[in-house]
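Text of final.cif, listed as mmCIF, C-alpha atoms:
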data_start
#
loop_
_atom_site.label_atom_id
_atom_site.label_comp_id
_atom_site.auth_asym_id
_atom_site.auth_seq_id
_atom_site.Cartn_x
_atom_site.Cartn_y
_atom_site.Cartn_z
CA MET E 10 27.96 90.40 66.76
CA PRO E 11 29.13 87.32 64.82
CA GLU E 12 32.71 86.33 65.41
CA THR E 13 35.11 86.94 62.56
CA PRO E 14 37.42 84.07 61.58
CA ASP E 15 41.01 84.27 62.74
CA LYS E 16 43.35 85.83 60.25
CA THR E 17 47.07 85.47 59.80
CA GLU E 18 49.51 88.34 59.63
CA THR E 19 48.96 88.58 55.87
CA GLY E 20 45.21 89.01 56.41
CA THR E 21 44.09 85.66 54.96
CA THR E 22 42.16 82.99 56.83
CA PRO E 23 43.53 79.41 57.14
CA GLY E 24 40.66 78.12 55.02
CA ARG E 25 41.47 80.52 52.21
CA ARG E 26 45.13 79.53 52.34
CA ALA E 27 44.17 75.85 52.09
CA LEU E 28 41.86 76.45 49.12
CA PRO E 29 44.61 76.49 46.45
CA TRP E 30 45.97 73.18 47.76
CA LEU E 31 42.50 71.66 47.69
CA LEU E 32 41.99 72.81 44.12
CA ALA E 33 45.43 71.46 43.19
CA GLY E 34 44.51 68.06 44.64
CA ILE E 35 41.24 67.97 42.70
CA LEU E 36 43.07 69.00 39.52
CA ALA E 37 45.66 66.24 40.07
CA LEU E 38 42.92 63.61 40.44
CA LEU E 39 41.19 64.80 37.27
CA LEU E 40 44.48 64.81 35.41
CA GLY E 41 45.18 61.26 36.60
CA TRP E 42 41.83 60.03 35.31
CA ALA E 43 42.43 61.83 32.00
CA LEU E 44 45.87 60.25 31.60
CA ARG E 45 44.42 56.84 32.39
CA ALA E 46 41.68 57.29 29.80
CA THR E 47 44.23 58.34 27.15
CA THR E 48 46.80 55.61 27.85
CA VAL E 49 47.02 54.48 24.22
CA VAL E 50 47.98 58.00 23.11
CA ALA E 51 49.81 59.31 26.17
CA VAL E 52 52.29 56.45 26.71
CA PRO E 53 53.93 56.62 23.22
CA ILE E 54 54.13 60.43 23.37
CA VAL E 55 55.68 60.51 26.84
CA SER E 56 58.07 57.67 26.00
CA ALA E 57 59.20 59.44 22.83
CA LEU E 58 59.76 62.74 24.65
CA PHE E 59 61.82 61.07 27.38
CA LEU E 60 63.91 59.14 24.87
CA ALA E 61 64.48 62.28 22.80
CA ALA E 62 65.55 64.23 25.89
CA ALA E 63 67.96 61.45 26.86
CA LEU E 64 69.39 61.01 23.34
CA ALA E 65 69.61 64.70 22.38
CA PRO E 66 73.14 65.21 23.81
CA LEU E 67 74.42 62.16 21.89
CA GLU E 68 72.91 63.53 18.70
CA ARG E 69 74.54 66.93 19.30
CA ILE E 70 77.94 65.35 19.94
CA ILE E 71 77.85 63.28 16.75
CA SER E 72 76.49 66.14 14.63
CA GLY E 73 79.10 68.52 16.06
CA HIS E 74 81.91 66.42 14.60
CA LEU E 75 80.36 66.35 11.13
CA PRO E 76 80.13 69.03 8.43
CA ARG E 77 76.88 70.98 8.50
CA PRO E 78 75.45 69.34 5.33
CA LEU E 79 76.00 65.93 6.96
CA ALA E 80 74.57 66.84 10.36
CA TRP E 81 71.59 64.61 9.67
CA LEU E 82 73.90 61.62 10.07
CA GLY E 83 73.94 62.33 13.80
CA ARG E 84 70.20 61.81 14.01
CA ALA E 85 70.46 58.72 11.81
CA ALA E 86 73.11 57.25 14.10
CA VAL E 87 71.00 57.90 17.20
CA ILE E 88 67.93 56.32 15.59
CA LEU E 89 70.01 53.33 14.52
CA VAL E 90 71.24 52.84 18.08
CA LEU E 91 67.67 53.12 19.34
CA LEU E 92 66.44 50.55 16.80
CA VAL E 93 69.18 48.09 17.72
CA VAL E 94 68.38 48.40 21.43
CA LEU E 95 64.64 48.00 20.85
CA ALA E 96 65.16 45.04 18.51
CA ALA E 97 67.38 43.30 21.06
CA PHE E 98 64.84 43.99 23.79
CA PHE E 99 61.88 42.60 21.85
CA ALA E 100 63.87 39.60 20.64
CA GLY E 101 64.80 38.74 24.21
CA LEU E 102 61.24 39.30 25.36
CA LEU E 103 59.77 37.03 22.69
CA TYR E 104 62.39 34.35 23.33
CA SER E 105 61.66 34.44 27.05
CA ALA E 106 57.91 34.22 26.48
CA ARG E 107 58.36 31.27 24.12
CA GLN E 108 60.55 29.45 26.63
CA VAL E 109 58.03 29.99 29.41
CA SER E 110 55.11 28.81 27.27
CA GLN E 111 57.03 25.65 26.37
CA GLU E 112 57.83 24.99 30.01
CA ILE E 113 54.23 25.16 31.24
CA PRO E 114 53.26 21.63 30.04
CA THR E 115 56.33 20.28 31.86
CA LEU E 116 55.11 21.94 35.04
CA ALA E 117 51.73 20.28 34.53
CA ASP E 118 53.41 16.88 34.16
CA ASN E 119 55.45 17.49 37.31
CA LEU E 120 52.28 18.31 39.19
CA ALA E 121 50.58 15.16 37.92
CA ALA E 122 53.60 13.09 38.99
CA TYR E 123 52.89 13.92 42.62
CA LEU E 124 49.33 12.61 42.48
CA PRO E 125 50.02 8.82 42.41
CA GLU E 126 52.02 9.17 45.61
CA ASP E 127 49.07 10.82 47.28
CA ALA E 128 46.68 8.16 45.95
CA ALA E 129 49.01 5.38 47.11
CA ALA E 130 49.18 6.92 50.55
CA MET E 131 45.38 6.96 50.68
CA ARG E 132 45.22 3.30 49.64
CA MET E 133 47.68 2.44 52.40
CA LEU E 134 45.43 4.32 54.81
CA GLU E 135 42.41 2.36 53.60
CA GLU E 136 44.20 -0.97 54.02
CA SER E 137 45.39 -0.07 57.50
CA ILE E 138 41.86 0.97 58.43
CA GLY E 139 40.44 -2.24 57.00
CA ARG E 140 42.95 -4.35 58.95
CA ALA E 141 42.37 -2.53 62.23
CA PRO E 142 39.44 -4.68 63.43
CA GLU E 143 41.26 -7.87 62.44
CA THR E 144 44.37 -6.83 64.31
CA ALA E 145 42.36 -6.01 67.39
CA SER E 146 40.56 -9.36 67.29
CA GLY E 147 43.79 -11.23 66.63
CA ALA E 148 45.15 -10.14 70.00
CA ALA E 149 42.67 -12.40 71.82
CA SER E 150 43.50 -15.77 73.34
CA ASP E 151 44.03 -18.75 71.01
CA SER E 152 41.78 -21.15 73.03
CA PRO E 153 38.37 -21.93 71.39
CA GLU E 154 36.36 -21.12 74.52
CA ALA E 155 38.23 -17.89 75.17
CA ARG E 156 37.95 -16.98 71.49
CA GLN E 157 34.17 -17.53 71.50
CA ASP E 158 33.78 -15.49 74.70
CA GLN E 159 35.98 -12.74 73.28
CA GLN E 160 34.02 -12.68 70.00
CA ALA E 161 30.74 -12.48 71.88
CA ARG E 162 31.99 -9.57 73.97
CA ASN E 163 33.52 -7.78 70.95
CA ALA E 164 30.56 -8.27 68.62
CA PRO E 165 28.98 -4.82 69.32
CA ALA E 166 32.38 -3.09 69.23
CA ARG E 167 33.28 -4.90 66.00
CA ALA E 168 30.06 -3.76 64.38
CA THR E 169 30.88 -0.19 65.39
CA ASP E 170 34.47 -0.54 64.15
CA ASP E 171 33.28 -1.95 60.84
CA GLU E 172 30.89 0.96 60.44
CA ASP E 173 33.62 3.49 61.28
CA ALA E 174 36.05 1.77 58.94
CA GLY E 175 33.49 1.92 56.15
CA GLN E 176 32.96 5.64 56.72
CA LEU E 177 36.71 6.28 56.76
CA GLN E 178 37.14 4.28 53.58
CA GLU E 179 34.39 6.28 51.93
CA MET E 180 35.98 9.55 53.09
CA SER E 181 39.40 8.49 51.83
CA ALA E 182 37.91 7.49 48.48
CA THR E 183 36.21 10.87 48.23
CA ALA E 184 39.45 12.65 49.11
CA ARG E 185 41.32 10.61 46.50
CA ASP E 186 38.77 11.54 43.87
CA LEU E 187 39.10 15.21 44.82
CA VAL E 188 42.88 15.09 44.55
CA ASN E 189 42.70 13.38 41.16
CA GLU E 190 40.12 15.89 39.98
CA PHE E 191 42.28 18.77 41.21
CA GLY E 192 45.32 17.36 39.43
CA SER E 193 43.37 16.95 36.22
CA MET E 194 41.99 20.48 36.47
CA ALA E 195 45.41 21.94 37.32
CA GLY E 196 47.06 20.15 34.42
CA SER E 197 44.34 21.26 32.00
CA TRP E 198 44.55 24.82 33.32
CA MET E 199 48.31 24.97 32.85
CA VAL E 200 48.09 23.59 29.31
CA ASN E 201 45.33 26.07 28.48
CA ALA E 202 47.42 28.82 30.07
CA ALA E 203 50.30 27.91 27.77
CA SER E 204 48.13 28.19 24.66
CA GLY E 205 46.51 31.35 26.00
CA LEU E 206 49.90 32.88 26.70
CA ALA E 207 51.05 32.10 23.18
CA ALA E 208 47.89 33.68 21.74
CA THR E 209 48.31 36.74 23.96
CA ILE E 210 51.92 37.16 22.92
CA ALA E 211 50.96 36.87 19.26
CA GLY E 212 48.31 39.53 19.75
CA MET E 213 50.67 41.84 21.63
CA VAL E 214 53.40 41.64 19.01
CA GLY E 215 51.40 43.81 16.63
CA THR E 216 50.66 46.36 19.34
CA PHE E 217 54.31 46.50 20.41
CA VAL E 218 55.52 46.88 16.84
CA ALA E 219 53.03 49.68 16.13
CA ALA E 220 53.91 51.51 19.35
CA THR E 221 57.62 51.11 18.63
CA VAL E 222 57.27 52.53 15.14
CA ILE E 223 55.34 55.53 16.48
CA ILE E 224 57.89 56.14 19.23
CA VAL E 225 60.87 55.91 16.85
CA PHE E 226 59.31 58.34 14.36
CA MET E 227 58.39 60.76 17.14
CA VAL E 228 61.94 60.65 18.51
CA LEU E 229 63.26 61.37 15.02
CA LEU E 230 60.90 64.33 14.58
CA VAL E 231 61.67 65.75 18.02
CA LEU E 232 65.41 65.58 17.37
CA SER E 233 64.97 67.11 13.91
CA GLU E 234 62.89 70.05 15.17
CA SER E 235 64.65 70.61 18.49
CA SER E 236 66.44 73.76 17.29
CA LEU E 237 63.21 75.15 15.81
CA TRP E 238 61.31 74.57 19.04
CA THR E 239 64.16 76.15 20.97
CA GLN E 240 63.72 79.32 18.92
CA LYS E 241 59.93 79.23 19.39
CA LEU E 242 60.16 78.89 23.16
CA GLY E 243 62.81 81.61 23.22
CA ALA E 244 60.42 83.94 21.41
CA ILE E 245 57.56 83.09 23.80
CA TRP E 246 59.66 83.46 26.98
CA PRO E 247 62.43 85.92 26.19
CA GLY E 248 65.08 87.02 28.65
CA ARG E 249 65.13 85.28 32.01
CA GLY E 250 62.19 83.06 31.12
CA GLN E 251 64.23 81.55 28.32
CA GLU E 252 67.10 80.87 30.72
CA GLU E 253 64.76 79.17 33.18
CA TRP E 254 63.23 76.70 30.77
CA ARG E 255 66.64 75.98 29.25
CA ALA E 256 67.98 75.17 32.71
CA THR E 257 64.93 73.01 33.39
CA PHE E 258 65.36 71.05 30.16
CA ASP E 259 69.10 70.58 30.71
CA ALA E 260 68.55 69.35 34.28
CA LEU E 261 65.81 66.97 33.13
CA SER E 262 68.02 65.59 30.36
CA ARG E 263 70.86 64.98 32.81
CA LYS E 264 68.59 63.22 35.28
CA LEU E 265 67.00 61.02 32.63
CA ARG E 266 70.34 60.01 31.14
CA GLY E 267 71.69 59.26 34.60
CA PHE E 268 68.62 57.20 35.47
CA LEU E 269 68.67 55.15 32.28
CA LEU E 270 72.40 54.48 32.42
CA MET E 271 72.35 53.65 36.13
CA ARG E 272 69.34 51.34 35.92
CA ALA E 273 70.84 49.61 32.88
CA ALA E 274 74.13 49.08 34.73
CA MET E 275 72.39 47.84 37.89
CA GLY E 276 70.12 45.62 35.80
CA ALA E 277 73.06 44.06 33.95
CA LEU E 278 74.91 43.47 37.23
CA SER E 279 71.86 41.93 38.91
CA ALA E 280 71.06 39.78 35.87
CA ALA E 281 74.63 38.45 35.72
CA LEU E 282 74.73 37.64 39.45
CA TYR E 283 71.27 36.05 39.41
CA ALA E 284 72.09 33.94 36.35
CA GLY E 285 75.41 32.84 37.87
CA TRP E 286 73.76 31.78 41.12
CA LEU E 287 70.96 29.91 39.33
CA MET E 288 73.49 28.21 37.05
CA LEU E 289 75.16 26.64 40.08
CA PHE E 290 71.93 24.74 40.79
CA GLY E 291 71.22 23.80 37.17
CA VAL E 292 68.06 25.88 36.97
CA ASP E 293 66.40 26.05 33.56
CA LEU E 294 65.30 29.22 31.73
CA LEU E 295 68.46 31.17 32.63
CA VAL E 296 67.91 33.59 29.75
CA VAL E 297 64.35 34.19 30.93
CA TRP E 298 65.40 34.99 34.49
CA ALA E 299 68.26 37.22 33.33
CA MET E 300 65.99 39.10 30.92
CA LEU E 301 63.31 39.47 33.55
CA THR E 302 65.80 40.72 36.13
CA PHE E 303 67.21 43.31 33.74
CA LEU E 304 63.77 44.57 32.74
CA LEU E 305 62.43 44.75 36.30
CA SER E 306 65.49 46.69 37.42
CA PHE E 307 63.88 49.75 35.81
CA ILE E 308 61.14 49.45 38.47
CA PRO E 309 63.00 50.40 41.67
CA ASN E 310 62.22 48.57 44.94
CA LEU E 311 59.41 46.32 43.67
CA GLY E 312 61.21 45.05 40.58
CA SER E 313 64.09 43.45 42.48
CA VAL E 314 61.67 41.66 44.82
CA ILE E 315 59.63 40.22 41.95
CA SER E 316 62.71 39.12 40.01
CA GLY E 317 63.96 37.23 43.08
CA VAL E 318 60.69 35.56 44.05
CA LEU E 319 59.75 34.16 40.63
CA PRO E 320 62.80 31.87 40.19
CA ALA E 321 62.35 30.50 43.71
CA LEU E 322 58.69 29.70 42.98
CA TYR E 323 59.68 28.01 39.73
CA ILE E 324 62.24 25.82 41.51
CA LEU E 325 59.65 24.98 44.16
CA ALA E 326 57.28 23.80 41.42
CA THR E 327 59.91 21.78 39.54
CA GLY E 328 62.31 20.70 42.28
CA ASP E 329 62.26 20.44 46.04
CA LEU E 330 61.70 22.78 48.94
CA GLY E 331 65.31 22.71 50.16
CA THR E 332 66.74 23.80 46.82
CA ALA E 333 64.09 26.50 46.48
CA LEU E 334 64.93 27.87 49.93
CA LEU E 335 68.67 27.83 49.21
CA VAL E 336 68.28 29.53 45.85
CA GLY E 337 65.83 32.07 47.27
CA THR E 338 68.21 32.87 50.13
CA GLY E 339 71.07 33.47 47.71
CA LEU E 340 68.96 35.73 45.50
CA PHE E 341 67.79 37.60 48.59
CA VAL E 342 71.39 38.21 49.69
CA ILE E 343 72.33 39.47 46.22
CA GLU E 344 69.31 41.77 46.15
CA GLN E 345 70.08 43.14 49.61
CA VAL E 346 73.71 43.88 48.79
CA ILE E 347 72.84 45.66 45.54
CA GLY E 348 69.67 47.30 46.84
CA ASN E 349 71.02 48.54 50.18
CA PHE E 350 74.64 49.39 49.41
CA VAL E 351 75.24 49.97 45.72
CA ASP E 352 71.93 51.18 44.32
CA PRO E 353 70.97 53.84 46.92
CA ARG E 354 74.29 55.63 46.65
CA LEU E 355 74.38 55.71 42.88
CA GLN E 356 70.67 56.43 42.52
CA GLY E 357 70.76 59.16 45.15
CA ARG E 358 73.48 61.00 43.28
CA GLN E 359 71.65 60.75 39.98
CA ILE E 360 67.94 61.06 40.84
CA ALA E 361 67.63 62.72 44.29
CA ILE E 362 64.10 61.33 44.80
CA SER E 363 62.97 60.00 48.15
CA PRO E 364 62.69 56.16 48.20
CA LEU E 365 59.20 56.49 49.69
CA VAL E 366 58.21 58.79 46.84
CA VAL E 367 59.63 56.28 44.34
CA LEU E 368 57.47 53.48 45.76
CA VAL E 369 54.33 55.65 45.82
CA ALA E 370 55.07 56.85 42.28
CA ILE E 371 55.33 53.26 41.03
CA LEU E 372 51.95 52.43 42.54
CA VAL E 373 50.26 55.60 41.24
CA TRP E 374 51.67 55.51 37.71
CA GLY E 375 51.14 51.75 37.59
CA TRP E 376 47.46 52.36 38.33
CA ILE E 377 47.30 55.02 35.61
CA TRP E 378 49.24 53.32 32.80
CA GLY E 379 49.73 49.72 33.93
CA ILE E 380 53.13 48.12 33.37
CA ALA E 381 54.20 51.02 31.15
CA GLY E 382 53.34 53.39 34.00
CA ALA E 383 55.47 51.38 36.44
CA LEU E 384 58.41 51.62 34.03
CA LEU E 385 57.85 55.35 33.47
CA ALA E 386 57.14 56.15 37.13
CA VAL E 387 60.63 57.38 38.04
CA PRO E 388 61.13 59.42 34.82
CA MET E 389 57.71 61.04 35.23
CA THR E 390 58.34 61.85 38.90
CA THR E 391 61.79 63.16 38.02
CA ALA E 392 60.29 65.43 35.37
CA LEU E 393 57.77 66.79 37.86
CA MET E 394 60.43 67.35 40.51
CA VAL E 395 62.79 69.13 38.11
CA GLY E 396 59.99 71.28 36.70
CA PHE E 397 58.68 72.24 40.15
CA ALA E 398 62.20 72.98 41.41
CA HIS E 399 62.68 75.66 38.75
CA VAL E 400 59.40 77.41 39.62
CA PRO E 401 59.77 79.28 42.95
CA ALA E 402 56.08 78.96 43.84
CA LEU E 403 56.17 75.17 43.30
CA ARG E 404 59.61 74.54 44.80
CA PRO E 405 58.16 73.27 48.13
CA ILE E 406 56.48 70.42 46.22
CA ALA E 407 59.80 69.55 44.59
CA LEU E 408 61.39 69.53 48.05
CA LEU E 409 58.77 67.04 49.26
CA LEU E 410 59.47 64.77 46.29
CA SER E 411 63.24 64.86 46.78
CA ASP E 412 65.48 63.31 49.42
CA GLN E 413 67.00 66.66 50.39
CA PRO E 414 66.35 68.49 53.70
CA ASP E 415 66.11 72.05 52.35
CA GLU E 416 65.76 74.01 49.12
CA ASP E 417 69.44 74.97 48.90
CA ARG E 418 70.54 71.34 48.84
CA LEU E 419 67.72 70.56 46.45
CA MET E 420 69.04 73.04 43.91
CA GLU E 421 72.54 71.65 44.39
CA ALA E 422 71.18 68.19 43.60
CA MET E 423 69.50 69.59 40.49
CA ALA E 424 72.86 70.90 39.28
CA ARG E 425 74.60 67.51 39.61
#
Please render this file's structure as structure tokens.
Amino acid sequence: MPETPDKTETGTTPGRRALPWLLAGILALLLGWALRATTVVAVPIVSALFLAAALAPLERIISGHLPRPLAWLGRAAVILVLLVVLAAFFAGLLYSARQVSQEIPTLADNLAAYLPEDAAAMRMLEESIGRAPETASGAASDSPEARQDQQARNAPARATDDEDAGQLQEMSATARDLVNEFGSMAGSWMVNAASGLAATIAGMVGTFVAATVIIVFMVLLVLSESSLWTQKLGAIWPGRGQEEWRATFDALSRKLRGFLLMRAAMGALSAALYAGWLMLFGVDLLVVWAMLTFLLSFIPNLGSVISGVLPALYILATGDLGTALLVGTGLFVIEQVIGNFVDPRLQGRQIAISPLVVLVAILVWGWIWGIAGALLAVPMTTALMVGFAHVPALRPIALLLSDQPDEDRLMEAMAR
């Protein structure tokens, strides 16, 4: 008789128990490809929903202090705040991009300035090679007979030395030509990169403006219809179901507000410390580095590393190795203090996501949506964790995403 597969106490085989997880993995992959294919549509919608969830409490507070006919002023105030923040962000971004594009030709000139030193060194090498046979022959005796005997004995060796010297001179000339060609190509590339960057920025301005307009209008509509959608969802899931999704939405709003405020505070602190340290060494583009540090602070782990490496590379290209190492060491110390002592404690209280999960989420969402995905990685993962935590069947997945050891502490973290 054929053997029957082993069954658990519930009467299901291990393969059947693993089937739902396999199907869930396949569904997740398909959903990832779908989100990647719909980036142009998905990113504005998701961004608007997150911003609306984060700004909804502020809108309720302002509207609650106004008469009912003037409650719309609360939404107008929130939208005005959002527009001011976005305008400041884009102005800083454009200013930084313009400063960088203007600095690229200077970098090309600095690179070209190193080339004459290399060429001079090669000429010195050629001259020393050309004088080598003469120096060797000059060491002989000064007597005519001894000089003739020495020249006769050294004739074959001198011919060989002259041939070797000619080959070395040819090699040095070839190397000098290669260095000059490389310098010319590098300078041309950097100048072309500057013009290309300017053209790219000009092309992206329209896209950014269009996306911003869509996001702002969607936030306005979501805030305007929030009470209506609350009634709709209450009618669809009455009773305990209504309480569950309300608790999920409230927890998600708290986590998003905490994340945005905490990352903004950490970004401002890091930007101020970075700019102060760079100012001590007279580094240019302080506004660029501060803006970049603040923006990259919304990408945990990877953002702080990138914002510290780029200024050091810039100093290496425009200054000297010692200054670059000193500046890089100082930025590394600042990043370590903030990243290992301040940030984990504050982020852990607000987000409750495992640092490993944060890094993986940045890579995954960055692959799906690019830079926008890297910026939205933590909010998206937070939304998934909060949603899974309020569904008993999916709570184990939320536990894996969090930094808590058990489900009881996970739910306590959700309530914070």
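Here the PyMOL selection byres ((chain E and resi 396) around 10) catches exactly these residues: Glu253, Trp254, Ala256, Thr257, Phe258, Ala260, Leu261, Thr390, Thr391, Ala392, Leu393, Met394, Val395, Phe397, Ala398, His399, Val400, Leu403, Arg404 and Ala407 of chain E.
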Requested in this report: Could you state which residues are captured by the PyMOL selection byres ((chain E and resi 317-334) around 9) in this file, as a PyMOL selection string?
Outcome: chain E and resi 115-116+119-120+283+287+290+292-293+298+302+312-316+335-341+344
Requested in this report: Would you translate the PyMOL selection byres ((chain E and resi 54-69) around 10) into the concrete set of residues it matches in this file, as a PyMOL selection string?
Outcome: chain E and resi 48-53+70-74+80-88+90-91+220-221+223-233+235+258-259+261-270+381+385+388-389+392
Could those selected residues go to a file with C-alpha atoms, as a PDB file, in the coordinates of the input?
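That gives us again-v9.pdb:
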ATOM      1  CA  THR E  48      46.800  55.610  27.850  1.00  0.00           C
ATOM      2  CA  VAL E  49      47.020  54.480  24.220  1.00  0.00           C
ATOM      3  CA  VAL E  50      47.980  58.000  23.110  1.00  0.00           C
ATOM      4  CA  ALA E  51      49.810  59.310  26.170  1.00  0.00           C
ATOM      5  CA  VAL E  52      52.290  56.450  26.710  1.00  0.00           C
ATOM      6  CA  PRO E  53      53.930  56.620  23.220  1.00  0.00           C
ATOM      7  CA  ILE E  70      77.940  65.350  19.940  1.00  0.00           C
ATOM      8  CA  ILE E  71      77.850  63.280  16.750  1.00  0.00           C
ATOM      9  CA  SER E  72      76.490  66.140  14.630  1.00  0.00           C
ATOM     10  CA  GLY E  73      79.100  68.520  16.060  1.00  0.00           C
ATOM     11  CA  HIS E  74      81.910  66.420  14.600  1.00  0.00           C
ATOM     12  CA  ALA E  80      74.570  66.840  10.360  1.00  0.00           C
ATOM     13  CA  TRP E  81      71.590  64.610   9.670  1.00  0.00           C
ATOM     14  CA  LEU E  82      73.900  61.620  10.070  1.00  0.00           C
ATOM     15  CA  GLY E  83      73.940  62.330  13.800  1.00  0.00           C
ATOM     16  CA  ARG E  84      70.200  61.810  14.010  1.00  0.00           C
ATOM     17  CA  ALA E  85      70.460  58.720  11.810  1.00  0.00           C
ATOM     18  CA  ALA E  86      73.110  57.250  14.100  1.00  0.00           C
ATOM     19  CA  VAL E  87      71.000  57.900  17.200  1.00  0.00           C
ATOM     20  CA  ILE E  88      67.930  56.320  15.590  1.00  0.00           C
ATOM     21  CA  VAL E  90      71.240  52.840  18.080  1.00  0.00           C
ATOM     22  CA  LEU E  91      67.670  53.120  19.340  1.00  0.00           C
ATOM     23  CA  ALA E 220      53.910  51.510  19.350  1.00  0.00           C
ATOM     24  CA  THR E 221      57.620  51.110  18.630  1.00  0.00           C
ATOM     25  CA  ILE E 223      55.340  55.530  16.480  1.00  0.00           C
ATOM     26  CA  ILE E 224      57.890  56.140  19.230  1.00  0.00           C
ATOM     27  CA  VAL E 225      60.870  55.910  16.850  1.00  0.00           C
ATOM     28  CA  PHE E 226      59.310  58.340  14.360  1.00  0.00           C
ATOM     29  CA  MET E 227      58.390  60.760  17.140  1.00  0.00           C
ATOM     30  CA  VAL E 228      61.940  60.650  18.510  1.00  0.00           C
ATOM     31  CA  LEU E 229      63.260  61.370  15.020  1.00  0.00           C
ATOM     32  CA  LEU E 230      60.900  64.330  14.580  1.00  0.00           C
ATOM     33  CA  VAL E 231      61.670  65.750  18.020  1.00  0.00           C
ATOM     34  CA  LEU E 232      65.410  65.580  17.370  1.00  0.00           C
ATOM     35  CA  SER E 233      64.970  67.110  13.910  1.00  0.00           C
ATOM     36  CA  SER E 235      64.650  70.610  18.490  1.00  0.00           C
ATOM     37  CA  PHE E 258      65.360  71.050  30.160  1.00  0.00           C
ATOM     38  CA  ASP E 259      69.100  70.580  30.710  1.00  0.00           C
ATOM     39  CA  LEU E 261      65.810  66.970  33.130  1.00  0.00           C
ATOM     40  CA  SER E 262      68.020  65.590  30.360  1.00  0.00           C
ATOM     41  CA  ARG E 263      70.860  64.980  32.810  1.00  0.00           C
ATOM     42  CA  LYS E 264      68.590  63.220  35.280  1.00  0.00           C
ATOM     43  CA  LEU E 265      67.000  61.020  32.630  1.00  0.00           C
ATOM     44  CA  ARG E 266      70.340  60.010  31.140  1.00  0.00           C
ATOM     45  CA  GLY E 267      71.690  59.260  34.600  1.00  0.00           C
ATOM     46  CA  PHE E 268      68.620  57.200  35.470  1.00  0.00           C
ATOM     47  CA  LEU E 269      68.670  55.150  32.280  1.00  0.00           C
ATOM     48  CA  LEU E 270      72.400  54.480  32.420  1.00  0.00           C
ATOM     49  CA  ALA E 381      54.200  51.020  31.150  1.00  0.00           C
ATOM     50  CA  LEU E 385      57.850  55.350  33.470  1.00  0.00           C
ATOM     51  CA  PRO E 388      61.130  59.420  34.820  1.00  0.00           C
ATOM     52  CA  MET E 389      57.710  61.040  35.230  1.00  0.00           C
ATOM     53  CA  ALA E 392      60.290  65.430  35.370  1.00  0.00           C
TER      54      ALA E 392
END
Report task. Around the point (71.1, 42.3, 41.9), in the coordinates given by the file, pick out the residues reaching within 12 Å, counting only C-alpha atoms, and return them as a ChimeraX atom specification. Result -> /E:272-286,298-299,301-306,309-310,312-317,339-352
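Here CA of Phe99 in chain E and CA of Val218 in chain E stand 9.2 Å from one another.
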Would you mind putting back N, CA and C atoms on range 238-249 of chain E, then writing it out as an mmCIF file, keeping the file's coordinate frame?
data_model
loop_
_atom_site.group_PDB
_atom_site.id
_atom_site.type_symbol
_atom_site.label_atom_id
_atom_site.label_comp_id
_atom_site.auth_asym_id
_atom_site.auth_seq_id
_atom_site.Cartn_x
_atom_site.Cartn_y
_atom_site.Cartn_z
ATOM 1 N N TRP E 238 62.107 74.384 17.830
ATOM 2 C CA TRP E 238 61.310 74.570 19.040
ATOM 3 C C TRP E 238 62.062 75.391 20.082
ATOM 4 N N THR E 239 63.375 75.295 20.073
ATOM 5 C CA THR E 239 64.160 76.150 20.970
ATOM 6 C C THR E 239 63.951 77.623 20.628
ATOM 7 N N GLN E 240 63.956 77.939 19.343
ATOM 8 C CA GLN E 240 63.720 79.320 18.920
ATOM 9 C C GLN E 240 62.292 79.766 19.250
ATOM 10 N N LYS E 241 61.321 78.874 19.077
ATOM 11 C CA LYS E 241 59.930 79.230 19.390
ATOM 12 C C LYS E 241 59.764 79.540 20.875
ATOM 13 N N LEU E 242 60.295 78.662 21.724
ATOM 14 C CA LEU E 242 60.160 78.890 23.160
ATOM 15 C C LEU E 242 60.938 80.128 23.590
ATOM 16 N N GLY E 243 62.071 80.391 22.914
ATOM 17 C CA GLY E 243 62.810 81.610 23.220
ATOM 18 C C GLY E 243 62.028 82.859 22.866
ATOM 19 N N ALA E 244 61.244 82.793 21.783
ATOM 20 C CA ALA E 244 60.420 83.940 21.410
ATOM 21 C C ALA E 244 59.234 84.114 22.354
ATOM 22 N N ILE E 245 58.700 83.006 22.876
ATOM 23 C CA ILE E 245 57.560 83.090 23.800
ATOM 24 C C ILE E 245 58.007 83.574 25.169
ATOM 25 N N TRP E 246 59.136 83.054 25.665
ATOM 26 C CA TRP E 246 59.660 83.460 26.980
ATOM 27 C C TRP E 246 61.050 84.061 26.794
ATOM 28 N N PRO E 247 61.115 85.302 26.388
ATOM 29 C CA PRO E 247 62.430 85.920 26.190
ATOM 30 C C PRO E 247 63.085 86.267 27.528
ATOM 31 N N GLY E 248 64.370 86.568 27.451
ATOM 32 C CA GLY E 248 65.080 87.020 28.650
ATOM 33 C C GLY E 248 65.265 85.909 29.662
ATOM 34 N N ARG E 249 64.920 86.232 30.918
ATOM 35 C CA ARG E 249 65.130 85.280 32.010
ATOM 36 C C ARG E 249 64.237 84.047 31.874
#
